[in-house]
Amino acid sequence: MEKKNNTINRRSFLKMLGVGGAAAVAACAGKKSTDAAQDDYKNQVEPPVGQMTYRTDPKTGERVSLLGYGMMRLPEIEGGGEYDQEMINRQIDYAIEHGVNYFDTSPVYCKGESERCTGIALKRHPRDSYYVATKLSNFDPRFQSAEGAKKMYHDSMSEMQVDYIDYYLLHAIGGSMEEFNRRYVDNGIMDFLMAEREAGRIRHLGFSFHGRQEVFDEVLTLHDKYHWDFVQIELNWLDWNYANEINQGNVDASYLYAELQKLGIPAVIMEPLLGGRLAKLPQYVANELKRRDPEKTIASWAFRYAGTPEGVLTVLSGMTFMEHLKDNLLTYCPLKPLTEEEQQFLDTKTAHQMMEEETIPCNACQYCMPCPYGIDIPTIFTHYNKLKIEGFLPDPTAAESDPQSQADPQYREKRRRYLVSLDRVVPRERQPDHCIQCGRCIHEKHCPQQINIPSEMNRLSTLIEQLKRHPE
């Protein structure tokens, strides 16, 4: 469609934004846009109604939207630190209008507010018009007793204002079988949950997985006993073959998916964008994707990849802003599956290029937060990765071995950009040098990517100190 009557089409909008869509909008998260192109995009580029791609749940035959709404990153009121319930309502209304019917939450998401906010928004719609998924997130020992775990389960129903849960998950298994048994078996909770499923108060029972292959394999051998109705796994075009290389101990998505297929267990997909990293690619990678399809955003490639396998029931996306929601709806209303050539291109050439970037494998899931000493762990890692991907990460070790390079304008600009931008996004008192290496973020919390957070904080603190020693 050509430009008419002062409107712009999708191609024109993306051309103005450069890389495009969700990646560009995410860069200015939390701020009102004054850019006319973005305003035109919001007003003119609308996903079609009635075109959502659905997958059939093998247990019930119900149709589940291929796009699932992840309620982990809810919009907040600017400057207030509170969640914007009015905006949450609007976005859920818009999602349902366009065919989304799967909503995923947890008692620990959004500082414990996600289930309540989700329940308020969904209560305004007929109960049979949506499926709600939540989790037994009993990482805290207080909720690992039978009484504590049951309380979390019943509190979830109360917070969401429902009398049954469509999809209930054991949250983030994979650390060890000892942990699995302590959280779910030895306390009798698996027997309780199966009884709840038999009574209809849980309609599907499954688990989400982050961790070691031997744990995944052993829990799947319990399928004959527990009859897993679905399993939630991390799947994207980087994790498909490189999850273990990204972080040793993780399991490639190709293996997880294949094992579920053998048992006929549908997969629910999390982290299709790998914490946003697959929407913010190095420019040379983004340029190649834009050359192949100028009208599509970079993020849409990742969502097409995650939604293409037939064994995928739904793909979760944490859509903080309406722009994210609209872009994903444009991808899944309807889905255009990847061709074999496109999948091969992402699996090999593009994934290999990304592996050369050596970023910190943080998905900004916030599981490590809050830090008792106020360190803003996810933002620090995101900032580092952004400059690494953009090629603006300075190398102070090279500068120290060759003092003349400190005078190089390129090094000075990278140094200035890193330090100034870090101060802008992270207050000084929340930066890496304030980490006391207490280890609570890895001992009492659960990092799905198994990042040694204290070690990384020490490394970044050293980097920052080296950069500060080099005068302008």
# chains A, B, ... in the order shown; residues from 1 in each chain; ligands from 1
$ residues_around --residues "A:Pro266" --least-positions-apart "2" --cutoff "6 Å" --atoms "only C-alpha atoms" --output "PyMOL selection string"
chain A and resi 230+311-313
$ residues_around --residues "stretch 196-209 of chain A" --least-positions-apart "2" --cutoff "7 Å" --atoms "only C-alpha atoms" --output "list of chain:residue names"
A:Asp163, A:Tyr164, A:Ile165, A:Asp166, A:Tyr167, A:Tyr168, A:Leu169, A:Leu170, A:His171, A:Ala172, A:Ile173, A:Gly174, A:Phe192, A:Leu193, A:Met194, A:Gly211, A:Trp228, A:Asp229, A:Phe230, A:Val231, A:Gln232, A:Ile233
$ residues_around --residues "stretch 325-332 of chain A" --least-positions-apart "3" --cutoff "10 Å" --atoms "only C-alpha atoms" --output "ChimeraX atom specification"
/A:21-22,41-42,45-49,51-54,65-69,91-92,94-95,98-100,296-297,299-304,307,315,317-322,335-337
$ atom_distance --atom1 "atom CA of A:Leu422" --atom2 "atom CA of A:Leu274"
22.0 Å
$ select_by_dssp --residues "stretch 22-271 of chain A" --states "helix (DSSP H, G or I)" --output "ChimeraX atom specification"
/A:22-27,36-44,85-97,109-112,114-122,127-129,141-143,146-160,177-185,189-198,213-221,223-226,239-246,253-263
$ residues_around --residues "A:Cys441" --least-positions-apart "3" --cutoff "12 Å" --atoms "only C-alpha atoms" --output "compact mmCIF listing (two decimals) with all heavy atoms, in the first residue's frame"
# COMPACT_ATOMS: atom_id res chain seq x y z
N GLN A 366 14.62 -11.28 36.42
CA GLN A 366 14.47 -10.69 37.76
C GLN A 366 14.44 -11.73 38.88
O GLN A 366 14.18 -11.39 40.04
CB GLN A 366 13.19 -9.84 37.84
CG GLN A 366 13.08 -8.74 36.82
CD GLN A 366 13.90 -7.51 37.17
OE1 GLN A 366 14.17 -7.26 38.33
NE2 GLN A 366 14.28 -6.75 36.16
N TYR A 367 14.73 -13.01 38.58
CA TYR A 367 14.71 -14.02 39.64
C TYR A 367 15.77 -13.72 40.71
O TYR A 367 15.62 -14.13 41.87
CB TYR A 367 14.97 -15.42 39.07
CG TYR A 367 13.82 -16.04 38.33
CD1 TYR A 367 12.71 -15.29 37.95
CD2 TYR A 367 13.83 -17.39 37.99
CE1 TYR A 367 11.66 -15.87 37.26
CE2 TYR A 367 12.78 -17.97 37.30
CZ TYR A 367 11.69 -17.20 36.94
OH TYR A 367 10.66 -17.78 36.25
N CYS A 368 16.84 -13.05 40.32
CA CYS A 368 17.93 -12.74 41.26
C CYS A 368 17.61 -11.55 42.15
O CYS A 368 18.38 -11.23 43.07
CB CYS A 368 19.21 -12.45 40.48
SG CYS A 368 19.05 -11.10 39.28
N MET A 369 16.52 -10.89 41.89
CA MET A 369 16.17 -9.67 42.62
C MET A 369 15.09 -9.95 43.67
O MET A 369 14.32 -10.89 43.54
CB MET A 369 15.68 -8.61 41.63
CG MET A 369 16.73 -8.21 40.61
SD MET A 369 18.15 -7.38 41.34
CE MET A 369 17.45 -5.74 41.63
N PRO A 370 15.01 -9.09 44.72
CA PRO A 370 15.89 -7.95 44.96
C PRO A 370 17.20 -8.38 45.61
O PRO A 370 17.24 -9.32 46.39
CB PRO A 370 15.08 -7.09 45.91
CG PRO A 370 14.27 -8.08 46.70
CD PRO A 370 13.93 -9.18 45.74
N CYS A 371 18.26 -7.65 45.26
CA CYS A 371 19.55 -7.85 45.91
C CYS A 371 19.49 -7.16 47.28
O CYS A 371 19.05 -6.02 47.38
CB CYS A 371 20.66 -7.24 45.06
SG CYS A 371 22.24 -7.06 45.92
N PRO A 372 19.93 -7.83 48.35
CA PRO A 372 19.85 -7.21 49.69
C PRO A 372 20.71 -5.96 49.81
O PRO A 372 20.50 -5.15 50.72
CB PRO A 372 20.34 -8.32 50.62
CG PRO A 372 21.13 -9.24 49.76
CD PRO A 372 20.49 -9.19 48.42
N TYR A 373 21.65 -5.78 48.88
CA TYR A 373 22.51 -4.59 48.94
C TYR A 373 22.19 -3.61 47.81
O TYR A 373 22.96 -2.69 47.54
CB TYR A 373 23.98 -5.01 48.91
CG TYR A 373 24.33 -5.79 50.16
CD1 TYR A 373 24.25 -7.18 50.16
CD2 TYR A 373 24.67 -5.14 51.34
CE1 TYR A 373 24.52 -7.90 51.32
CE2 TYR A 373 24.94 -5.86 52.50
CZ TYR A 373 24.85 -7.23 52.48
OH TYR A 373 25.11 -7.94 53.62
N GLY A 374 21.06 -3.83 47.15
CA GLY A 374 20.56 -2.86 46.19
C GLY A 374 21.17 -2.90 44.81
O GLY A 374 20.89 -2.03 43.98
N ILE A 375 22.00 -3.91 44.50
CA ILE A 375 22.63 -3.97 43.19
C ILE A 375 21.56 -4.25 42.13
O ILE A 375 20.76 -5.18 42.27
CB ILE A 375 23.72 -5.07 43.14
CG1 ILE A 375 24.65 -4.96 44.34
CG2 ILE A 375 24.48 -5.00 41.82
CD1 ILE A 375 25.36 -3.63 44.45
N ASP A 376 21.56 -3.47 41.06
CA ASP A 376 20.59 -3.66 39.97
C ASP A 376 21.18 -4.65 38.96
O ASP A 376 21.66 -4.28 37.89
CB ASP A 376 20.28 -2.33 39.30
CG ASP A 376 19.07 -2.41 38.38
OD1 ASP A 376 18.66 -3.54 38.04
OD2 ASP A 376 18.55 -1.36 37.99
N ILE A 377 21.12 -5.92 39.30
CA ILE A 377 21.82 -6.96 38.54
C ILE A 377 21.36 -7.03 37.08
O ILE A 377 22.20 -6.96 36.16
CB ILE A 377 21.65 -8.33 39.24
CG1 ILE A 377 22.23 -8.28 40.65
CG2 ILE A 377 22.30 -9.44 38.42
CD1 ILE A 377 21.86 -9.47 41.52
N PRO A 378 20.05 -7.17 36.78
CA PRO A 378 19.65 -7.31 35.38
C PRO A 378 20.01 -6.09 34.52
O PRO A 378 20.44 -6.26 33.37
CB PRO A 378 18.13 -7.49 35.46
CG PRO A 378 17.87 -7.97 36.85
CD PRO A 378 18.90 -7.30 37.69
N CYS A 435 28.73 -4.59 45.16
CA CYS A 435 28.47 -6.00 45.44
C CYS A 435 29.48 -6.50 46.47
O CYS A 435 30.69 -6.35 46.28
CB CYS A 435 28.57 -6.83 44.15
SG CYS A 435 28.46 -8.61 44.40
N ILE A 436 29.00 -7.13 47.55
CA ILE A 436 29.91 -7.62 48.60
C ILE A 436 30.15 -9.13 48.47
O ILE A 436 30.72 -9.75 49.36
CB ILE A 436 29.35 -7.30 50.00
CG1 ILE A 436 28.09 -8.13 50.30
CG2 ILE A 436 29.10 -5.82 50.17
CD1 ILE A 436 27.75 -8.18 51.76
N GLN A 437 29.69 -9.72 47.35
CA GLN A 437 29.92 -11.15 47.08
C GLN A 437 29.25 -12.04 48.11
O GLN A 437 29.78 -13.09 48.49
CB GLN A 437 31.42 -11.44 47.03
CG GLN A 437 32.20 -10.61 46.01
CD GLN A 437 31.95 -11.06 44.58
OE1 GLN A 437 32.21 -12.20 44.23
NE2 GLN A 437 31.44 -10.14 43.76
N CYS A 438 28.06 -11.65 48.58
CA CYS A 438 27.36 -12.45 49.59
C CYS A 438 26.83 -13.76 49.01
O CYS A 438 26.61 -14.73 49.73
CB CYS A 438 26.24 -11.65 50.23
SG CYS A 438 24.81 -11.33 49.15
N GLU A 444 20.25 -18.45 47.41
CA GLU A 444 18.87 -18.40 47.86
C GLU A 444 17.90 -18.09 46.72
O GLU A 444 16.69 -18.23 46.86
CB GLU A 444 18.71 -17.34 48.95
CG GLU A 444 19.47 -17.66 50.22
CD GLU A 444 19.22 -16.65 51.31
OE1 GLU A 444 18.20 -15.94 51.24
OE2 GLU A 444 20.03 -16.55 52.24
N LYS A 445 18.43 -17.65 45.59
CA LYS A 445 17.60 -17.35 44.43
C LYS A 445 17.88 -18.41 43.37
O LYS A 445 18.74 -19.28 43.51
CB LYS A 445 17.91 -15.95 43.88
CG LYS A 445 17.80 -14.85 44.92
CD LYS A 445 16.37 -14.50 45.22
CE LYS A 445 16.27 -13.32 46.18
NZ LYS A 445 14.88 -12.89 46.40
N HIS A 446 17.13 -18.32 42.25
CA HIS A 446 17.32 -19.30 41.19
C HIS A 446 17.56 -18.57 39.89
O HIS A 446 16.66 -17.94 39.35
CB HIS A 446 16.08 -20.20 41.07
CG HIS A 446 16.23 -21.25 40.01
ND1 HIS A 446 16.74 -22.50 40.27
CD2 HIS A 446 15.97 -21.24 38.68
CE1 HIS A 446 16.77 -23.20 39.16
NE2 HIS A 446 16.31 -22.46 38.18
N CYS A 447 18.79 -18.63 39.37
CA CYS A 447 19.09 -18.05 38.06
C CYS A 447 18.86 -19.11 37.00
O CYS A 447 19.59 -20.12 36.95
CB CYS A 447 20.54 -17.56 37.99
SG CYS A 447 21.01 -16.96 36.35
N PRO A 448 17.86 -18.94 36.14
CA PRO A 448 17.58 -19.95 35.11
C PRO A 448 18.77 -20.21 34.19
O PRO A 448 18.91 -21.30 33.66
CB PRO A 448 16.39 -19.36 34.34
CG PRO A 448 15.75 -18.41 35.29
CD PRO A 448 16.88 -17.84 36.11
N GLN A 450 21.91 -20.02 35.15
CA GLN A 450 23.02 -20.51 35.97
C GLN A 450 24.24 -19.61 35.87
O GLN A 450 25.39 -20.06 35.82
CB GLN A 450 23.38 -21.95 35.57
CG GLN A 450 22.21 -22.92 35.69
CD GLN A 450 22.58 -24.33 35.31
OE1 GLN A 450 23.55 -24.87 35.81
NE2 GLN A 450 21.83 -24.92 34.40
N ILE A 451 24.00 -18.30 35.84
CA ILE A 451 25.10 -17.33 35.79
C ILE A 451 25.72 -17.24 37.19
O ILE A 451 25.01 -17.16 38.18
CB ILE A 451 24.58 -15.95 35.36
CG1 ILE A 451 23.92 -16.03 33.98
CG2 ILE A 451 25.69 -14.91 35.36
CD1 ILE A 451 23.16 -14.77 33.60
N ASN A 452 27.03 -17.23 37.24
CA ASN A 452 27.72 -16.97 38.50
C ASN A 452 27.72 -15.46 38.70
O ASN A 452 28.67 -14.76 38.31
CB ASN A 452 29.15 -17.52 38.47
CG ASN A 452 29.83 -17.44 39.82
OD1 ASN A 452 29.56 -16.53 40.61
ND2 ASN A 452 30.71 -18.38 40.10
N ILE A 453 26.66 -14.95 39.28
CA ILE A 453 26.44 -13.51 39.36
C ILE A 453 27.54 -12.79 40.15
O ILE A 453 28.06 -11.77 39.69
CB ILE A 453 25.04 -13.21 39.92
CG1 ILE A 453 23.97 -13.76 38.97
CG2 ILE A 453 24.84 -11.70 40.12
CD1 ILE A 453 22.55 -13.69 39.51
N PRO A 454 27.93 -13.28 41.33
CA PRO A 454 29.01 -12.58 42.05
C PRO A 454 30.30 -12.48 41.23
O PRO A 454 30.98 -11.46 41.24
CB PRO A 454 29.21 -13.42 43.31
CG PRO A 454 27.89 -14.09 43.52
CD PRO A 454 27.39 -14.39 42.15
N SER A 455 30.63 -13.56 40.50
CA SER A 455 31.83 -13.54 39.67
C SER A 455 31.73 -12.50 38.57
O SER A 455 32.69 -11.76 38.30
CB SER A 455 32.08 -14.93 39.07
OG SER A 455 33.19 -14.91 38.20
N GLU A 456 30.58 -12.43 37.93
CA GLU A 456 30.39 -11.44 36.87
C GLU A 456 30.41 -10.01 37.42
O GLU A 456 30.95 -9.10 36.79
CB GLU A 456 29.07 -11.69 36.13
CG GLU A 456 29.05 -12.95 35.28
CD GLU A 456 29.95 -12.86 34.06
OE1 GLU A 456 30.51 -11.78 33.79
OE2 GLU A 456 30.11 -13.88 33.37
N MET A 457 29.84 -9.82 38.61
CA MET A 457 29.87 -8.49 39.22
C MET A 457 31.30 -8.07 39.54
O MET A 457 31.69 -6.92 39.35
CB MET A 457 29.02 -8.48 40.49
CG MET A 457 27.53 -8.44 40.23
SD MET A 457 27.04 -6.91 39.42
CE MET A 457 25.55 -7.48 38.59
$ residues_around --residues "stretch 143-159 of chain A" --least-positions-apart "5" --cutoff "7 Å" --atoms "only C-alpha atoms" --output "VMD selection string"
chain A and resid 107 115 to 116 119 136 138 183 187 to 189
$ write_last_selection --atoms "all heavy atoms" --output "compact mmCIF listing (two decimals), in the first residue's frame"
# COMPACT_ATOMS: atom_id res chain seq x y z
N PRO A 107 3.30 -16.62 41.25
CA PRO A 107 3.25 -15.86 42.51
C PRO A 107 4.46 -14.96 42.73
O PRO A 107 4.39 -14.02 43.53
CB PRO A 107 3.21 -16.96 43.58
CG PRO A 107 2.70 -18.18 42.89
CD PRO A 107 3.21 -18.08 41.48
N GLU A 115 -0.01 -12.07 39.71
CA GLU A 115 -1.28 -12.83 39.75
C GLU A 115 -2.45 -11.91 40.05
O GLU A 115 -3.52 -12.03 39.43
CB GLU A 115 -1.20 -13.94 40.80
CG GLU A 115 -0.32 -15.11 40.39
CD GLU A 115 -0.35 -16.23 41.39
OE1 GLU A 115 -0.48 -15.95 42.61
OE2 GLU A 115 -0.23 -17.39 40.99
N ARG A 116 -2.28 -11.00 40.99
CA ARG A 116 -3.37 -10.09 41.34
C ARG A 116 -3.75 -9.21 40.16
O ARG A 116 -4.93 -9.07 39.83
CB ARG A 116 -2.96 -9.22 42.53
CG ARG A 116 -4.06 -8.27 43.01
CD ARG A 116 -3.56 -7.36 44.12
NE ARG A 116 -2.48 -6.50 43.66
CZ ARG A 116 -2.68 -5.36 42.98
NH1 ARG A 116 -3.91 -4.97 42.68
NH2 ARG A 116 -1.65 -4.62 42.61
N GLY A 119 -5.42 -11.28 37.48
CA GLY A 119 -6.78 -11.64 37.87
C GLY A 119 -7.76 -10.51 37.70
O GLY A 119 -8.90 -10.71 37.24
N LEU A 136 3.71 -23.30 40.90
CA LEU A 136 4.08 -23.53 42.29
C LEU A 136 5.54 -23.10 42.41
O LEU A 136 6.48 -23.88 42.20
CB LEU A 136 3.90 -25.00 42.67
CG LEU A 136 4.17 -25.34 44.14
CD1 LEU A 136 3.38 -24.45 45.09
CD2 LEU A 136 3.84 -26.80 44.41
N ASN A 138 7.77 -22.46 44.65
CA ASN A 138 8.17 -22.63 46.06
C ASN A 138 9.69 -22.74 46.21
O ASN A 138 10.21 -23.70 46.77
CB ASN A 138 7.46 -23.82 46.69
CG ASN A 138 7.78 -25.14 45.98
OD1 ASN A 138 8.23 -25.14 44.84
ND2 ASN A 138 7.54 -26.24 46.65
N ARG A 183 10.97 -30.32 47.00
CA ARG A 183 9.92 -29.34 46.73
C ARG A 183 8.56 -29.97 46.42
O ARG A 183 7.52 -29.38 46.71
CB ARG A 183 10.34 -28.44 45.55
CG ARG A 183 11.47 -27.47 45.87
CD ARG A 183 11.95 -26.73 44.63
NE ARG A 183 10.89 -25.91 44.06
CZ ARG A 183 11.00 -25.28 42.88
NH1 ARG A 183 12.11 -25.41 42.16
NH2 ARG A 183 10.00 -24.54 42.43
N ASN A 187 7.20 -34.04 50.36
CA ASN A 187 6.17 -33.36 51.14
C ASN A 187 4.75 -33.74 50.73
O ASN A 187 3.77 -33.20 51.24
CB ASN A 187 6.34 -31.83 51.03
CG ASN A 187 6.35 -31.37 49.57
OD1 ASN A 187 6.05 -32.14 48.66
ND2 ASN A 187 6.72 -30.11 49.36
N GLY A 188 4.63 -34.66 49.77
CA GLY A 188 3.31 -35.14 49.35
C GLY A 188 2.59 -34.23 48.38
O GLY A 188 1.41 -34.49 48.04
N ILE A 189 3.25 -33.19 47.89
CA ILE A 189 2.56 -32.22 47.04
C ILE A 189 2.20 -32.80 45.67
O ILE A 189 1.15 -32.46 45.11
CB ILE A 189 3.43 -30.94 46.89
CG1 ILE A 189 3.36 -30.15 48.20
CG2 ILE A 189 2.96 -30.07 45.74
CD1 ILE A 189 1.95 -29.75 48.61
$ closest_residue --among "A:Glu179, A:Glu310, A:Glu97, A:Glu295" --to "A:Val268" --atoms "only C-alpha atoms"
A:Glu310
$ closest_residue --among "A:Met177, A:Val251, A:Met190, A:Ile77" --to "A:Gln213" --atoms "only C-alpha atoms"
A:Val251
$ closest_residue --among "A:Tyr384, A:Glu413, A:Pro394, A:Pro294" --to "A:Pro432" --atoms "only C-alpha atoms"
A:Tyr384
$ closest_residue --among "A:Thr118, A:Gln344, A:Thr56, A:Gln85" --to "A:Phe103" --atoms "only C-alpha atoms"
A:Thr118
$ closest_residue --among "A:Glu218, A:Glu86, A:Asp57, A:Val162" --to "A:Phe180" --atoms "only C-alpha atoms"
A:Glu218
$ atom_distance --atom1 "atom CA of A:Val132" --atom2 "atom CA of A:Cys110"
16.7 Å
$ select_by_dssp --residues "stretch 167-214 of chain A" --states "strand (DSSP E or B)" --output "PyMOL selection string"
chain A and resi 167-173+202-209
$ write_last_selection --atoms "N, CA and C atoms" --output "PDB file, in the first residue's frame"
ATOM      1  N   TYR A 167      -3.637 -24.371  33.449  1.00  0.00           N
ATOM      2  CA  TYR A 167      -2.294 -24.947  33.290  1.00  0.00           C
ATOM      3  C   TYR A 167      -1.480 -24.624  34.542  1.00  0.00           C
ATOM      4  N   TYR A 168      -1.126 -25.673  35.296  1.00  0.00           N
ATOM      5  CA  TYR A 168      -0.385 -25.468  36.539  1.00  0.00           C
ATOM      6  C   TYR A 168       0.984 -26.121  36.407  1.00  0.00           C
ATOM      7  N   LEU A 169       2.027 -25.355  36.786  1.00  0.00           N
ATOM      8  CA  LEU A 169       3.389 -25.802  36.573  1.00  0.00           C
ATOM      9  C   LEU A 169       4.178 -25.922  37.880  1.00  0.00           C
ATOM     10  N   LEU A 170       5.015 -26.932  37.956  1.00  0.00           N
ATOM     11  CA  LEU A 170       6.090 -26.952  38.931  1.00  0.00           C
ATOM     12  C   LEU A 170       7.140 -26.015  38.365  1.00  0.00           C
ATOM     13  N   HIS A 171       7.516 -25.009  39.132  1.00  0.00           N
ATOM     14  CA  HIS A 171       8.282 -23.893  38.579  1.00  0.00           C
ATOM     15  C   HIS A 171       9.787 -24.135  38.619  1.00  0.00           C
ATOM     16  N   ALA A 172      10.400 -24.117  37.417  1.00  0.00           N
ATOM     17  CA  ALA A 172      11.860 -24.116  37.258  1.00  0.00           C
ATOM     18  C   ALA A 172      12.525 -25.302  37.924  1.00  0.00           C
ATOM     19  N   ILE A 173      12.165 -26.497  37.471  1.00  0.00           N
ATOM     20  CA  ILE A 173      12.892 -27.665  37.932  1.00  0.00           C
ATOM     21  C   ILE A 173      14.176 -27.796  37.105  1.00  0.00           C
ATOM     22  N   ILE A 202      -7.327 -28.397  38.745  1.00  0.00           N
ATOM     23  CA  ILE A 202      -6.203 -28.217  37.834  1.00  0.00           C
ATOM     24  C   ILE A 202      -6.561 -28.994  36.568  1.00  0.00           C
ATOM     25  N   ARG A 203      -6.513 -28.333  35.435  1.00  0.00           N
ATOM     26  CA  ARG A 203      -6.926 -29.005  34.196  1.00  0.00           C
ATOM     27  C   ARG A 203      -5.743 -29.609  33.450  1.00  0.00           C
ATOM     28  N   HIS A 204      -4.567 -29.020  33.579  1.00  0.00           N
ATOM     29  CA  HIS A 204      -3.347 -29.558  32.980  1.00  0.00           C
ATOM     30  C   HIS A 204      -2.206 -29.366  33.983  1.00  0.00           C
ATOM     31  N   LEU A 205      -1.399 -30.401  34.154  1.00  0.00           N
ATOM     32  CA  LEU A 205      -0.291 -30.342  35.103  1.00  0.00           C
ATOM     33  C   LEU A 205       1.022 -30.566  34.357  1.00  0.00           C
ATOM     34  N   GLY A 206       1.973 -29.671  34.580  1.00  0.00           N
ATOM     35  CA  GLY A 206       3.262 -29.795  33.907  1.00  0.00           C
ATOM     36  C   GLY A 206       4.356 -29.135  34.721  1.00  0.00           C
ATOM     37  N   PHE A 207       5.464 -28.847  34.066  1.00  0.00           N
ATOM     38  CA  PHE A 207       6.573 -28.186  34.756  1.00  0.00           C
ATOM     39  C   PHE A 207       7.331 -27.307  33.774  1.00  0.00           C
ATOM     40  N   SER A 208       8.022 -26.312  34.321  1.00  0.00           N
ATOM     41  CA  SER A 208       8.941 -25.517  33.513  1.00  0.00           C
ATOM     42  C   SER A 208      10.355 -25.943  33.859  1.00  0.00           C
ATOM     43  N   PHE A 209      11.218 -25.949  32.843  1.00  0.00           N
ATOM     44  CA  PHE A 209      12.549 -26.517  33.019  1.00  0.00           C
ATOM     45  C   PHE A 209      13.639 -25.495  32.764  1.00  0.00           C
TER      46      PHE A 209
END
